[in-house]
Every structure is written in structure tokens, then in C-alpha cells.
>>> print(open('my_file05.cif').read())   # mmCIF, C-alpha atoms and all ligand atoms
data_model
#
loop_
_atom_site.label_atom_id
_atom_site.label_comp_id
_atom_site.auth_asym_id
_atom_site.auth_seq_id
_atom_site.Cartn_x
_atom_site.Cartn_y
_atom_site.Cartn_z
CA MET A 264 0.00 0.00 0.00
CA GLN A 265 1.37 3.41 -0.92
CA ARG A 266 2.08 5.76 1.97
CA TRP A 267 0.62 9.30 1.87
CA ASN A 268 1.76 11.79 4.52
CA VAL A 269 -0.55 14.78 4.84
CA ALA A 270 0.43 18.08 6.50
CA ILE A 271 -1.96 20.90 7.40
CA THR A 272 -0.94 24.56 7.73
CA GLY A 273 -3.48 26.65 9.68
CA PHE A 274 -5.03 24.76 12.54
CA GLY A 275 -8.13 26.79 13.34
CA ALA A 276 -11.78 25.88 12.84
CA ILE A 277 -11.33 24.56 9.30
CA GLY A 278 -7.88 22.98 9.72
CA ARG A 279 -9.08 21.00 12.72
CA THR A 280 -12.22 19.87 10.89
CA VAL A 281 -10.08 18.69 7.95
CA ALA A 282 -7.82 16.78 10.36
CA GLY A 283 -10.74 15.04 12.05
CA LEU A 284 -12.42 14.09 8.76
CA LEU A 285 -9.16 12.84 7.23
CA LEU A 286 -8.53 10.57 10.23
CA GLN A 287 -12.11 9.28 10.11
CA ARG A 288 -11.66 8.38 6.45
CA GLN A 289 -8.35 6.48 6.74
CA ALA A 290 -10.02 3.07 6.28
CA ARG A 291 -11.83 4.35 3.18
CA TYR A 292 -8.56 5.60 1.63
CA ALA A 293 -7.01 2.18 2.17
CA GLN A 294 -10.02 0.30 0.82
CA CYS A 295 -10.86 2.48 -2.19
CA HIS A 296 -7.45 3.78 -3.20
CA GLY A 297 -4.92 1.38 -1.69
CA ALA A 298 -3.51 4.38 0.17
CA ASP A 299 -2.04 4.33 3.67
CA VAL A 300 -2.92 7.93 4.59
CA ARG A 301 -1.39 9.48 7.72
CA LEU A 302 -1.84 12.97 9.13
CA THR A 303 1.78 13.58 10.02
CA ALA A 304 2.04 17.31 10.71
CA VAL A 305 -0.02 20.38 11.60
CA CYS A 306 0.94 23.97 12.44
CA GLY A 307 -0.46 27.33 13.42
CA SER A 308 1.22 30.74 13.35
CA ARG A 309 3.67 30.06 16.19
CA ALA A 310 3.90 26.31 16.72
CA GLY A 311 3.49 22.94 15.05
CA LEU A 312 3.55 19.22 15.56
CA TYR A 313 5.29 16.51 13.53
CA ALA A 314 4.81 12.78 14.06
CA PRO A 315 6.48 10.75 11.28
CA ASP A 316 4.18 7.73 11.87
CA GLY A 317 1.02 9.79 12.02
CA LEU A 318 -0.88 11.80 14.58
CA PRO A 319 -3.58 10.01 16.59
CA GLY A 320 -7.29 9.80 15.71
CA PRO A 321 -10.12 10.21 15.70
CA HIS A 322 -10.15 13.97 16.32
CA GLY A 323 -6.53 14.85 15.60
CA PRO A 324 -3.91 16.36 17.86
CA GLU A 325 -4.44 18.88 20.61
CA ARG A 326 -2.94 22.36 20.31
CA GLU A 327 -1.12 21.96 23.65
CA ALA A 328 1.11 19.27 22.15
CA MET A 329 2.55 21.62 19.52
CA ARG A 330 6.22 22.62 19.49
CA ALA A 331 6.99 26.34 19.42
CA GLY A 332 8.70 27.46 16.23
CA LEU A 333 7.71 24.50 14.05
CA THR A 334 5.92 26.69 11.51
CA GLY A 335 6.72 28.65 8.35
CA GLU A 336 9.46 27.41 5.99
CA GLU A 337 10.90 25.10 8.66
CA PHE A 338 7.56 23.28 8.87
CA ILE A 339 7.57 22.44 5.15
CA GLU A 340 11.29 21.58 5.18
CA ARG A 341 11.11 19.20 8.14
CA THR A 342 7.80 17.40 7.76
CA ASN A 343 8.27 15.22 4.65
CA ALA A 344 4.69 15.53 3.45
CA HIS A 345 3.33 14.18 0.17
CA VAL A 346 0.34 16.51 0.34
CA LEU A 347 -0.02 19.93 1.97
CA ILE A 348 -3.45 21.31 2.86
CA ASP A 349 -3.45 25.04 3.63
CA ALA A 350 -6.23 26.24 5.93
CA GLY A 351 -4.56 29.43 7.15
CA PRO A 352 -5.82 33.00 6.88
CA THR A 353 -6.77 34.58 3.56
CA ASP A 354 -4.58 37.56 2.60
CA TYR A 355 -5.51 38.57 -0.92
CA GLU A 356 -3.16 41.57 -1.01
CA THR A 357 0.16 39.79 -0.43
CA GLY A 358 -0.80 36.11 -0.55
CA GLY A 359 0.19 35.92 3.14
CA ALA A 360 1.90 32.95 4.74
CA ALA A 361 -0.11 30.60 2.48
CA TYR A 362 1.80 31.86 -0.56
CA GLY A 363 5.09 30.79 1.02
CA TYR A 364 3.69 27.41 2.12
CA LEU A 365 2.22 26.63 -1.30
CA ARG A 366 5.34 27.71 -3.21
CA SER A 367 7.62 25.82 -0.91
CA ALA A 368 5.51 22.65 -1.09
CA LEU A 369 5.03 22.70 -4.86
CA SER A 370 8.68 23.38 -5.56
CA ARG A 371 9.60 20.32 -3.45
CA GLY A 372 7.21 18.09 -5.43
CA VAL A 373 4.50 18.09 -2.76
CA HIS A 374 0.86 18.18 -3.95
CA ALA A 375 -0.99 21.22 -2.58
CA ILE A 376 -4.63 21.84 -1.66
CA ALA A 377 -5.57 25.42 -0.78
CA ILE A 378 -8.62 26.26 1.31
CA SER A 379 -7.50 29.86 1.85
CA LYS A 380 -8.00 32.13 -1.16
CA GLY A 381 -5.31 34.81 -0.73
CA ALA A 382 -2.31 33.15 -2.38
CA LEU A 383 -4.46 32.03 -5.32
CA ILE A 384 -5.75 35.56 -5.86
CA PHE A 385 -2.22 36.92 -5.57
CA ASP A 386 -0.58 34.53 -8.05
CA LEU A 387 -2.68 31.64 -9.37
CA ALA A 388 -0.76 31.54 -12.65
CA GLY A 389 2.62 31.36 -10.89
CA LEU A 390 1.46 28.63 -8.52
CA ARG A 391 -0.03 26.59 -11.34
CA ALA A 392 3.19 26.91 -13.35
CA LEU A 393 5.17 25.74 -10.33
CA ALA A 394 2.86 22.74 -9.88
CA ALA A 395 3.17 21.80 -13.55
CA ALA A 396 6.97 22.18 -13.51
CA ASN A 397 7.19 19.80 -10.56
CA GLY A 398 4.60 17.29 -11.77
CA VAL A 399 2.25 17.76 -8.83
CA ALA A 400 -1.35 18.90 -8.39
CA LEU A 401 -2.62 22.24 -7.10
CA LYS A 402 -6.29 21.97 -6.15
CA PHE A 403 -8.50 24.55 -4.45
CA SER A 404 -12.16 23.53 -4.22
CA GLY A 405 -12.26 24.84 -0.63
CA ALA A 406 -11.35 28.31 -1.90
CA THR A 407 -13.91 28.40 -4.72
CA ALA A 408 -17.16 28.06 -2.75
CA ALA A 409 -16.12 24.78 -1.07
CA ALA A 410 -18.89 22.15 -1.19
CA LEU A 411 -20.53 23.95 -4.11
CA PRO A 412 -19.06 22.45 -7.29
CA THR A 413 -17.64 25.32 -9.38
CA VAL A 414 -14.28 24.75 -11.11
CA ASP A 415 -14.71 20.95 -11.05
CA LEU A 416 -18.23 21.27 -12.47
CA ILE A 417 -17.06 23.37 -15.41
CA GLU A 418 -13.83 21.44 -16.06
CA HIS A 419 -15.25 17.90 -15.74
CA ASN A 420 -19.02 17.79 -16.08
CA LEU A 421 -19.33 20.51 -18.70
CA ALA A 422 -16.18 19.60 -20.62
CA GLY A 423 -16.55 20.45 -24.31
CA CYS A 424 -19.39 22.92 -23.76
CA ARG A 425 -19.02 26.65 -24.28
CA VAL A 426 -19.91 28.45 -21.07
CA LEU A 427 -22.08 31.46 -21.86
CA LYS A 428 -22.60 32.71 -18.31
CA VAL A 429 -21.89 31.74 -14.71
CA GLU A 430 -24.00 33.17 -11.89
CA GLY A 431 -23.85 32.21 -8.27
CA ILE A 432 -24.58 32.78 -4.62
CA PHE A 433 -20.99 32.10 -3.59
CA THR A 434 -20.71 33.55 -0.08
CA ALA A 435 -22.50 31.87 2.79
CA THR A 436 -22.27 34.88 5.12
CA THR A 437 -24.01 37.35 2.84
CA ASN A 438 -26.69 34.82 1.95
CA TYR A 439 -27.27 34.09 5.63
CA VAL A 440 -27.37 37.79 6.58
CA LEU A 441 -29.79 38.66 3.76
CA SER A 442 -32.07 35.73 4.67
CA GLN A 443 -32.08 36.70 8.36
CA MET A 444 -32.80 40.35 7.52
CA MET A 445 -35.79 39.25 5.43
CA ASP A 446 -36.94 37.41 8.59
CA GLY A 447 -36.73 40.62 10.62
CA VAL A 448 -33.23 40.32 12.18
CA ALA A 449 -31.16 43.54 12.31
CA LEU A 450 -28.01 43.58 10.14
CA PRO A 451 -25.41 43.63 13.01
CA ASP A 452 -27.23 40.78 14.80
CA ALA A 453 -27.34 38.70 11.61
CA VAL A 454 -23.58 39.23 11.09
CA ALA A 455 -22.89 38.19 14.69
CA GLN A 456 -24.96 35.01 14.17
CA ALA A 457 -23.01 34.17 10.99
CA GLN A 458 -19.76 34.56 12.98
CA GLN A 459 -21.05 32.29 15.74
CA LEU A 460 -21.93 29.65 13.14
CA GLY A 461 -18.32 29.73 11.85
CA MET A 462 -19.29 30.80 8.33
CA ALA A 463 -18.09 34.43 8.44
CA GLU A 464 -14.48 35.43 7.77
CA PRO A 465 -12.63 36.71 10.88
CA ASP A 466 -13.16 40.24 9.52
CA PRO A 467 -16.79 40.17 8.33
CA ARG A 468 -16.25 43.24 6.14
CA PHE A 469 -14.47 40.89 3.72
CA ASP A 470 -17.77 39.08 3.19
CA MET A 471 -20.14 42.01 3.63
CA ASP A 472 -18.36 44.32 1.15
CA GLY A 473 -18.48 41.67 -1.56
CA TRP A 474 -14.73 40.91 -1.54
CA ASP A 475 -15.23 37.21 -0.75
CA THR A 476 -17.61 36.79 -3.70
CA ALA A 477 -15.26 38.83 -5.90
CA CYS A 478 -12.36 36.51 -4.94
CA LYS A 479 -14.37 33.42 -5.87
CA VAL A 480 -15.51 34.96 -9.16
CA THR A 481 -11.89 35.84 -10.00
CA LEU A 482 -10.66 32.33 -9.23
CA ILE A 483 -13.48 30.56 -11.08
CA ALA A 484 -12.98 32.79 -14.15
CA ASN A 485 -9.21 32.32 -14.19
CA ALA A 486 -9.13 28.62 -13.30
CA ALA A 487 -12.09 27.28 -15.26
CA LEU A 488 -12.66 29.79 -18.04
CA ASN A 489 -9.08 30.59 -18.95
CA ALA A 490 -9.53 34.25 -18.10
CA ASN A 491 -6.76 36.45 -16.81
CA ILE A 492 -8.52 38.91 -14.53
CA ALA A 493 -7.35 40.53 -11.31
CA LEU A 494 -9.49 40.97 -8.22
CA ASN A 495 -9.75 44.70 -8.91
CA ASP A 496 -11.21 44.02 -12.37
CA VAL A 497 -14.37 42.70 -10.70
CA GLU A 498 -17.08 45.38 -10.38
CA ARG A 499 -18.19 44.94 -6.79
CA GLN A 500 -21.13 45.76 -4.56
CA GLY A 501 -21.71 44.67 -0.95
CA ILE A 502 -24.71 44.44 1.34
CA ASN A 503 -23.74 46.83 4.16
CA GLN A 504 -25.85 49.63 2.75
CA ILE A 505 -29.16 47.74 3.03
CA THR A 506 -31.76 49.49 5.20
CA PRO A 507 -34.96 48.21 6.87
CA ARG A 508 -36.80 50.24 4.22
CA ASP A 509 -35.18 48.19 1.44
CA ILE A 510 -36.26 45.01 3.23
CA ASP A 511 -39.87 46.23 3.56
CA GLY A 512 -39.89 47.19 -0.13
CA TRP A 513 -38.65 43.78 -1.26
CA LYS A 514 -41.18 41.99 0.94
CA ALA A 515 -44.01 44.12 -0.45
CA ALA A 516 -42.85 43.41 -4.01
CA GLY A 517 -42.61 39.63 -3.37
CA VAL A 518 -38.92 39.44 -4.28
CA VAL A 519 -35.88 38.00 -2.50
CA PRO A 520 -32.45 39.74 -2.39
CA LYS A 521 -29.24 37.84 -3.15
CA LEU A 522 -25.61 38.90 -3.58
CA ILE A 523 -24.66 37.48 -6.96
CA GLY A 524 -21.28 36.84 -8.50
CA GLU A 525 -21.46 36.74 -12.29
CA ILE A 526 -18.98 35.88 -15.04
CA VAL A 527 -19.80 36.51 -18.68
CA PRO A 528 -17.19 35.41 -21.22
CA GLY A 529 -17.15 37.64 -24.31
CA GLU A 530 -15.16 38.29 -27.45
CA HIS A 531 -12.95 40.80 -25.66
CA GLY A 532 -12.44 38.82 -22.45
CA VAL A 533 -14.48 38.08 -19.39
CA ARG A 534 -16.78 40.51 -17.54
CA ALA A 535 -17.00 39.73 -13.83
CA THR A 536 -19.30 41.44 -11.34
CA VAL A 537 -20.67 41.19 -7.81
CA THR A 538 -24.10 42.78 -7.52
CA LEU A 539 -27.10 42.78 -5.23
CA ARG A 540 -30.10 41.47 -7.17
CA THR A 541 -33.67 40.53 -6.36
CA TYR A 542 -35.50 37.45 -7.63
CA PRO A 543 -39.18 36.52 -7.74
CA ARG A 544 -40.03 33.96 -5.04
CA GLU A 545 -40.33 31.08 -7.53
CA HIS A 546 -36.83 31.63 -9.03
CA PRO A 547 -34.34 28.85 -8.07
CA PHE A 548 -32.00 31.41 -6.45
CA ALA A 549 -34.84 32.75 -4.28
CA LEU A 550 -35.19 29.26 -2.82
CA VAL A 551 -31.53 29.07 -1.77
CA GLY A 552 -31.88 29.22 2.02
CA ALA A 553 -29.75 30.88 4.66
CA LYS A 554 -27.06 28.21 5.00
CA MET A 555 -26.80 27.38 1.32
CA LYS A 556 -24.93 28.41 -1.82
CA ALA A 557 -25.82 27.97 -5.50
CA ILE A 558 -24.43 28.18 -9.00
CA SER A 559 -26.15 28.39 -12.36
CA ILE A 560 -24.13 27.83 -15.52
CA GLN A 561 -25.52 28.61 -18.96
CA THR A 562 -23.94 26.52 -21.71
CA ASP A 563 -24.31 26.22 -25.47
CA ALA A 564 -25.01 22.47 -25.59
CA MET A 565 -26.13 21.31 -22.14
CA GLY A 566 -28.53 24.17 -21.40
CA ASP A 567 -28.59 25.58 -17.87
CA VAL A 568 -27.00 23.51 -15.12
CA VAL A 569 -27.87 24.49 -11.54
CA ALA A 570 -26.27 23.18 -8.34
CA ILE A 571 -27.27 24.03 -4.78
CA CYS A 572 -25.51 22.90 -1.64
CA ARG A 573 -25.42 23.28 2.12
CA THR A 574 -22.54 25.14 3.68
CA SER A 575 -20.71 24.41 6.93
CA PRO A 576 -17.14 23.98 8.19
CA LEU A 577 -17.61 20.21 7.69
CA ALA A 578 -18.68 20.77 4.07
CA THR A 579 -15.62 22.96 3.49
CA ALA A 580 -13.35 20.27 4.93
CA ALA A 581 -15.06 17.66 2.77
CA ALA A 582 -14.45 19.79 -0.34
CA ALA A 583 -10.71 19.89 0.41
CA LEU A 584 -10.70 16.13 0.95
CA LYS A 585 -12.56 15.65 -2.34
CA ASP A 586 -9.52 17.35 -3.90
CA PHE A 587 -7.33 14.92 -1.97
CA GLU A 588 -9.23 11.88 -3.30
CA HIS A 589 -8.93 13.24 -6.83
CA ILE A 590 -5.16 13.36 -6.32
CA LEU A 591 -5.22 9.76 -5.03
CA MET A 592 -7.24 8.65 -8.08
CA LYS A 593 -4.76 10.21 -10.52
CA ARG A 594 -1.53 9.01 -8.98
N1 LIG A 601 -15.03 29.07 7.73
C1 LIG A 601 -15.43 28.59 6.56
O1 LIG A 601 -16.54 28.04 6.42
C2 LIG A 601 -14.51 28.68 5.37
C3 LIG A 601 -14.97 28.25 4.12
C4 LIG A 601 -14.10 28.27 3.03
C5 LIG A 601 -12.80 28.75 3.19
N2 LIG A 601 -12.40 29.18 4.43
C6 LIG A 601 -11.02 29.65 4.57
O2 LIG A 601 -10.34 28.75 5.43
C7 LIG A 601 -9.29 29.45 6.07
C8 LIG A 601 -9.32 29.10 7.55
O3 LIG A 601 -10.53 29.54 8.12
P1 LIG A 601 -10.86 29.28 9.67
O4 LIG A 601 -12.28 29.61 9.84
O5 LIG A 601 -10.35 27.95 10.08
O6 LIG A 601 -9.93 30.42 10.34
P2 LIG A 601 -9.34 30.42 11.83
O7 LIG A 601 -10.19 29.62 12.74
O8 LIG A 601 -9.06 31.85 12.13
O9 LIG A 601 -7.96 29.63 11.72
C9 LIG A 601 -6.85 30.14 11.04
C10 LIG A 601 -5.63 29.36 11.48
O10 LIG A 601 -4.53 29.80 10.70
C11 LIG A 601 -3.41 29.85 11.57
N3 LIG A 601 -2.35 30.71 11.07
C12 LIG A 601 -2.27 32.07 11.07
N4 LIG A 601 -1.08 32.46 10.55
C13 LIG A 601 -0.41 31.30 10.24
C14 LIG A 601 0.88 31.03 9.73
N5 LIG A 601 1.72 32.01 9.40
N6 LIG A 601 1.26 29.75 9.57
C15 LIG A 601 0.42 28.72 9.91
N7 LIG A 601 -0.81 28.92 10.43
C16 LIG A 601 -1.21 30.20 10.58
C17 LIG A 601 -3.97 30.35 12.88
O11 LIG A 601 -3.05 29.97 13.89
P3 LIG A 601 -2.91 30.77 15.28
O12 LIG A 601 -4.12 30.37 16.05
O13 LIG A 601 -1.63 30.27 15.82
O14 LIG A 601 -2.88 32.23 14.92
C18 LIG A 601 -5.26 29.54 12.95
O15 LIG A 601 -5.02 28.28 13.50
C19 LIG A 601 -9.47 30.92 5.77
O16 LIG A 601 -8.56 31.32 4.78
C20 LIG A 601 -10.88 31.01 5.23
O17 LIG A 601 -11.02 32.04 4.28
C21 LIG A 601 -13.20 29.13 5.51
#
>>> encode(input="my_file05.cif", output="C-alpha cells")
Amino acid sequence: MQRWNVAITGFGAIGRTVAGLLLQRQARYAQCHGADVRLTAVCGSRAGLYAPDGLPGPHGPEREAMRAGLTGEEFIERTNAHVLIDAGPTDYETGGAAYGYLRSALSRGVHAIAISKGALIFDLAGLRALAAANGVALKFSGATAAALPTVDLIEHNLAGCRVLKVEGIFTATTNYVLSQMMDGVALPDAVAQAQQLGMAEPDPRFDMDGWDTACKVTLIANAALNANIALNDVERQGINQITPRDIDGWKAAGVVPKLIGEIVPGEHGVRATVTLRTYPREHPFALVGAKMKAISIQTDAMGDVVAICRTSPLATAAAALKDFEHILMKR
């Protein structure tokens, strides 16, 4: 059986959920893929843990056991992983620590799975080139709306079709906040609830100002539609400006508000936007509830394909481990 050592950078809510799910699925990896999968290393910003034979299950290691300093470049150098999963913070201006982790892993021939978006926004093309040069995979379902199939859906299920338009509800926080506001909850209370549920980014302005949706739109366009757009090319609107009067007006009109990311490929490149739109109650997007996301893809030959999914930290972890299984299948 082939040995697969997995390392995780970023051991917060998502990193820990990935660790727990990976350990739960060890028997499945052996049975379905002939793979002896071990979680051998994890780290946070100041400390890490490395166990060459694998960390214990079923819930993964405790933070207290971590060794100070085993993080950053040293972590990648010393932990002999075959696959790195990054679940650290998203820094879309500099790529943050994730950029260093991903570059370091890929250049050493380690497969990489990104859940954080920052490094991919900063330099997707460079990271993909590095992966190709070293014969390893770079996957990032967790960063492109997680459990909602986006890049995989276009690349695999719609292969051969021309994509005419992609529209989606890509950010759980804004969808949750809008749904709660329509149910009479005040905006700050709805944001606080989204944070408690673990769906909001640490700084909720990232979600509320439309940046999170804009990041996903940028990544989907560049990864699946061969575009070459920057985050700042995306026309962007958020939901912070919504007033109780807007809510009353939408209720009276029988429409439902959604923050929509849209990508329209054209002759002169791709147009990408994030806008607040309203939909009649019977429209599929109007039915996408508080803890859900959705995508609708218009194609030339397969018509309109719509996917809707639940969202949760577990679903995000499962999306990253879907990437991992795809790597196992292709080895
Ligand atoms: N929450 C979701 O549903 C969701 C969905 C999709 C994608 N994501 C993405 O997943 C990522 C993680 O989210 P989260 O909710 O788990 O955040 P979190 O709970 O704040 O955890 C972030 C972790 O990253 C660690 N970290 C910070 N700087 C680091 C460094 N230089 N090296 C290694 N680790 C470092 C932190 O360690 P310390 O504690 O030591 O600072 C912490 O353990 C984010 O990028 C987010 O955008 C989240």
C-alpha cells in the first residue's frame, strides 16, 4: 500500500475539521485507493507538531502538544509531506503565509490543496506553473465556494461545452445575513450570528463588502474559463448599505435579495461582477436558504445547469478532501 503523509498549515476551525475528517476516512482511503494515509504534521502561526508515523485519531492532535517554532518554511522543510493542505488566513493583497507554504511545497514536489484564497488571488498563474513544472497537483475547491461544485463542475461535467454565463450565490455569510434580515433580524445581529456559526471570515467586512464573492468569481474565471482577470477588475457591490426600508420594499414586491457573482465570457475577455439582485419567489435562487450556496451555468449544448448545496465547516473540509481523493485517483 502506498504511503501518503498529509500536513496541514493553519489549525483553526477549518484545519481541525479537515484533520478530524481525514482521520475518520483512513479506512476508506485504504479500501478504495490502496492508500495508507497518515496525518503527520499540523501547524499554526507560532507552533506545530510533527509525528512521522502519524498523529492520533479520531479527532486529531491537541494544540497543547505543539512545538513552538515549528511553523513557516521550517515546517515544510522538516515534515516530509506528500500533500499539503493550507487552511490558514486569507490575505488577498500579499498572498500571506499561504503563498510561502504553497510555493515551498510545490517546488519540493508536494501536492498542494488550498482552502484559503489569498495566495491564489495573488498569483494563481505562478502557482499553477510551479505545480506543472514539478509534476504535482494544485487543487483549491475549498477556496472556490467549497462544497458547491464550481471549477470541477465546469472542467469535468461541462467539458466540451461553451460556457455562456456563470451566476452564483458564492458567499454563505451574505446569503445568511440577507435571509435573516428578510426574517426581521437587524443587520449587526445577523452578522454576529453568521460569525457564531463559523461561516463568516474573521473580519466580516471581507464578506459584507463583496470581496469574498469577488475573490471566488476571479478564481473561477481564471481557473475554469481561462480568463486572466485581477481581483480589482471585478465590479463589486456589498450588502452593508441595506436598510430596513429596502427590506420592507422587497417583501411588499414579493422578491428576495441575493448577492450574486457573475462571469460573462465575451469576445474581448471576461466581464466579472458582484451585484445585489432581487428574484421573484419562484426563481431557483430565491429558494436558496440561509445556509446554502448555489451556482447556475448557462452553456451552449447542455442548457442551464444548476447546483445548490449546504454550507458548513464540515462541508468545506469535505471539499478539500474531495480534492485529496482526486489526487489519489490520478496518482
Ligand atoms: N469558515 C469557513 O466556512 C470557510 C470556508 C471556506 C474557506 N475558508 C477559509 O479557510 C481558512 C481558515 O478559516 P478558519 O475559519 O479555520 O480560520 P481560523 O479559525 O481563524 O484559523 C486560522 C488558522 O490559521 C493559523 N495561522 C495564522 N497564521 C499562520 C501562519 N503564518 N502559519 C500557519 N498557520 C497560521 C492560525 O493559527 P494561530 O491560532 O496560531 O494564529 C489559525 O489556526 C481561511 O482562509 C478562510 O477564508 C473558511
>>> residues_around(input="my_file05.cif", residues="segment 337-352 of chain A", least_positions_apart="2", cutoff="6 Å", atoms="all atoms listed in the file", output="PyMOL selection string")
chain A and resi 267-273+278+333-335+373-379
>>> closest_atom_pairs(input="my_file05.cif", of="chain A", to="ligand LIG 601 (chain A)", cutoff="7 Å", atoms="all atoms listed in the file", output="JSON lines")
{"residue": "A:Thr272", "atom": "CA", "partner": "A:LIG601", "partner_atom": "C15", "distance": 4.9}
{"residue": "A:Gly273", "atom": "CA", "partner": "A:LIG601", "partner_atom": "O10", "distance": 3.5}
{"residue": "A:Phe274", "atom": "CA", "partner": "A:LIG601", "partner_atom": "O15", "distance": 3.6}
{"residue": "A:Gly275", "atom": "CA", "partner": "A:LIG601", "partner_atom": "O9", "distance": 3.3}
{"residue": "A:Ala276", "atom": "CA", "partner": "A:LIG601", "partner_atom": "O5", "distance": 3.7}
{"residue": "A:Ile277", "atom": "CA", "partner": "A:LIG601", "partner_atom": "O5", "distance": 3.6}
{"residue": "A:Gly278", "atom": "CA", "partner": "A:LIG601", "partner_atom": "O5", "distance": 5.6}
{"residue": "A:Cys306", "atom": "CA", "partner": "A:LIG601", "partner_atom": "C15", "distance": 5.4}
{"residue": "A:Gly307", "atom": "CA", "partner": "A:LIG601", "partner_atom": "N7", "distance": 3.4}
{"residue": "A:Ser308", "atom": "CA", "partner": "A:LIG601", "partner_atom": "C13", "distance": 3.6}
{"residue": "A:Arg309", "atom": "CA", "partner": "A:LIG601", "partner_atom": "O13", "distance": 5.3}
{"residue": "A:Ala310", "atom": "CA", "partner": "A:LIG601", "partner_atom": "O13", "distance": 6.9}
{"residue": "A:Thr334", "atom": "CA", "partner": "A:LIG601", "partner_atom": "N6", "distance": 5.9}
{"residue": "A:Gly335", "atom": "CA", "partner": "A:LIG601", "partner_atom": "N6", "distance": 5.7}
{"residue": "A:Ala350", "atom": "CA", "partner": "A:LIG601", "partner_atom": "C7", "distance": 4.4}
{"residue": "A:Gly351", "atom": "CA", "partner": "A:LIG601", "partner_atom": "O10", "distance": 3.6}
{"residue": "A:Pro352", "atom": "CA", "partner": "A:LIG601", "partner_atom": "O16", "distance": 3.8}
{"residue": "A:Thr353", "atom": "CA", "partner": "A:LIG601", "partner_atom": "O16", "distance": 3.9}
{"residue": "A:Ala360", "atom": "CA", "partner": "A:LIG601", "partner_atom": "N5", "distance": 4.8}
{"residue": "A:Ile378", "atom": "CA", "partner": "A:LIG601", "partner_atom": "O2", "distance": 5.1}
{"residue": "A:Ser379", "atom": "CA", "partner": "A:LIG601", "partner_atom": "O16", "distance": 3.4}
{"residue": "A:Lys380", "atom": "CA", "partner": "A:LIG601", "partner_atom": "O16", "distance": 6.0}
{"residue": "A:Gly405", "atom": "CA", "partner": "A:LIG601", "partner_atom": "C4", "distance": 5.3}
{"residue": "A:Ala406", "atom": "CA", "partner": "A:LIG601", "partner_atom": "C5", "distance": 5.3}
{"residue": "A:Ala408", "atom": "CA", "partner": "A:LIG601", "partner_atom": "C4", "distance": 6.5}
{"residue": "A:Ala409", "atom": "CA", "partner": "A:LIG601", "partner_atom": "C4", "distance": 5.8}
{"residue": "A:Gly461", "atom": "CA", "partner": "A:LIG601", "partner_atom": "N1", "distance": 5.3}
{"residue": "A:Met462", "atom": "CA", "partner": "A:LIG601", "partner_atom": "O1", "distance": 4.3}
{"residue": "A:Ala463", "atom": "CA", "partner": "A:LIG601", "partner_atom": "N1", "distance": 6.2}
{"residue": "A:Glu464", "atom": "CA", "partner": "A:LIG601", "partner_atom": "O17", "distance": 6.0}
{"residue": "A:Pro465", "atom": "CA", "partner": "A:LIG601", "partner_atom": "O8", "distance": 6.2}
{"residue": "A:Ser575", "atom": "CA", "partner": "A:LIG601", "partner_atom": "O1", "distance": 5.6}
{"residue": "A:Pro576", "atom": "CA", "partner": "A:LIG601", "partner_atom": "O1", "distance": 4.5}
{"residue": "A:Thr579", "atom": "CA", "partner": "A:LIG601", "partner_atom": "C3", "distance": 5.4}
>>> residues_around(input="my_file05.cif", residues="Lys479 of chain A", least_positions_apart="5", cutoff="10 Å", atoms="only C-alpha atoms", output="count of residues only")
14
>>> atom_distance(input="my_file05.cif", atom1="atom CA of Val519 of chain A", atom2="atom CA of Tyr542 of chain A")
5.2 Å
>>> closest_atom_pairs(input="my_file05.cif", of="segment 354-424 of chain A", to="segment 553-564 of chain A", cutoff="9 Å", atoms="only C-alpha atoms", output="JSON lines")
{"residue": "A:Ala408", "atom": "CA", "partner": "A:Lys556", "partner_atom": "CA", "distance": 7.8}
{"residue": "A:Ala410", "atom": "CA", "partner": "A:Lys556", "partner_atom": "CA", "distance": 8.7}
{"residue": "A:Leu411", "atom": "CA", "partner": "A:Lys556", "partner_atom": "CA", "distance": 6.7}
{"residue": "A:Pro412", "atom": "CA", "partner": "A:Ile558", "partner_atom": "CA", "distance": 8.0}
{"residue": "A:Thr413", "atom": "CA", "partner": "A:Ile558", "partner_atom": "CA", "distance": 7.4}
{"residue": "A:Ile417", "atom": "CA", "partner": "A:Ile560", "partner_atom": "CA", "distance": 8.4}
{"residue": "A:Leu421", "atom": "CA", "partner": "A:Thr562", "partner_atom": "CA", "distance": 8.2}
{"residue": "A:Gly423", "atom": "CA", "partner": "A:Ala564", "partner_atom": "CA", "distance": 8.8}
{"residue": "A:Cys424", "atom": "CA", "partner": "A:Ala564", "partner_atom": "CA", "distance": 5.9}
>>> closest_residue(input="my_file05.cif", among="A:Phe403, A:Pro467, A:Thr437, A:Asp567", to="Pro547 of chain A", atoms="only C-alpha atoms")
A:Asp567
>>> atom_distance(input="my_file05.cif", atom1="atom CA of Arg534 of chain A", atom2="atom CA of Gly501 of chain A")
17.8 Å
>>> closest_residue(input="my_file05.cif", among="A:Asp470, A:Val551, A:Leu285, A:His589", to="Cys572 of chain A", atoms="all atoms listed in the file")
A:Val551
>>> closest_residue(input="my_file05.cif", among="A:Asp466, A:Ala422, A:Leu401, A:His296", to="Ala388 of chain A", atoms="only C-alpha atoms")
A:Leu401
>>> closest_residue(input="my_file05.cif", among="A:Ala392, A:Leu488, A:Gly297, A:Ala382", to="Pro528 of chain A", atoms="all atoms listed in the file")
A:Leu488
>>> atom_distance(input="my_file05.cif", atom1="atom CA of Glu498 of chain A", atom2="atom CA of Val537 of chain A")
6.1 Å
>>> residues_around(input="my_file05.cif", residues="Ala290 of chain A", least_positions_apart="4", cutoff="12 Å", atoms="only C-alpha atoms", output="list of chain:residue names")
A:Leu284, A:Leu285, A:Leu286, A:Gln294, A:Cys295, A:His296, A:Gly297, A:Ala298, A:Asp299, A:Val300, A:Arg301, A:Gly320, A:Pro321
>>> closest_residue(input="my_file05.cif", among="A:Asp472, A:Glu588, A:Asp446, A:Glu418", to="Ile502 of chain A", atoms="all atoms listed in the file")
A:Asp472
>>> decode(input="my_file05.cif", residues="segment 392-400 of chain A", atoms="N, CA and C atoms", output="short mmCIF file (atom, residue, chain, number, x, y, z; two decimals), in the first residue's frame")
data_model
loop_
_atom_site.label_atom_id
_atom_site.label_comp_id
_atom_site.auth_asym_id
_atom_site.auth_seq_id
_atom_site.Cartn_x
_atom_site.Cartn_y
_atom_site.Cartn_z
N ALA A 392 1.97 27.19 -12.57
CA ALA A 392 3.19 26.91 -13.35
C ALA A 392 4.17 26.09 -12.50
N LEU A 393 4.26 26.46 -11.23
CA LEU A 393 5.17 25.74 -10.33
C LEU A 393 4.71 24.28 -10.16
N ALA A 394 3.40 24.09 -10.02
CA ALA A 394 2.86 22.74 -9.88
C ALA A 394 3.17 21.93 -11.14
N ALA A 395 2.93 22.52 -12.30
CA ALA A 395 3.17 21.80 -13.55
C ALA A 395 4.65 21.46 -13.70
N ALA A 396 5.52 22.41 -13.36
CA ALA A 396 6.97 22.18 -13.51
C ALA A 396 7.44 21.05 -12.61
N ASN A 397 6.76 20.84 -11.50
CA ASN A 397 7.19 19.80 -10.56
C ASN A 397 6.33 18.54 -10.60
N GLY A 398 5.41 18.50 -11.57
CA GLY A 398 4.60 17.29 -11.77
C GLY A 398 3.66 16.97 -10.63
N VAL A 399 3.18 18.00 -9.95
CA VAL A 399 2.25 17.76 -8.83
C VAL A 399 0.97 18.57 -9.05
N ALA A 400 -0.05 18.25 -8.24
CA ALA A 400 -1.35 18.90 -8.39
C ALA A 400 -1.47 20.11 -7.47
#
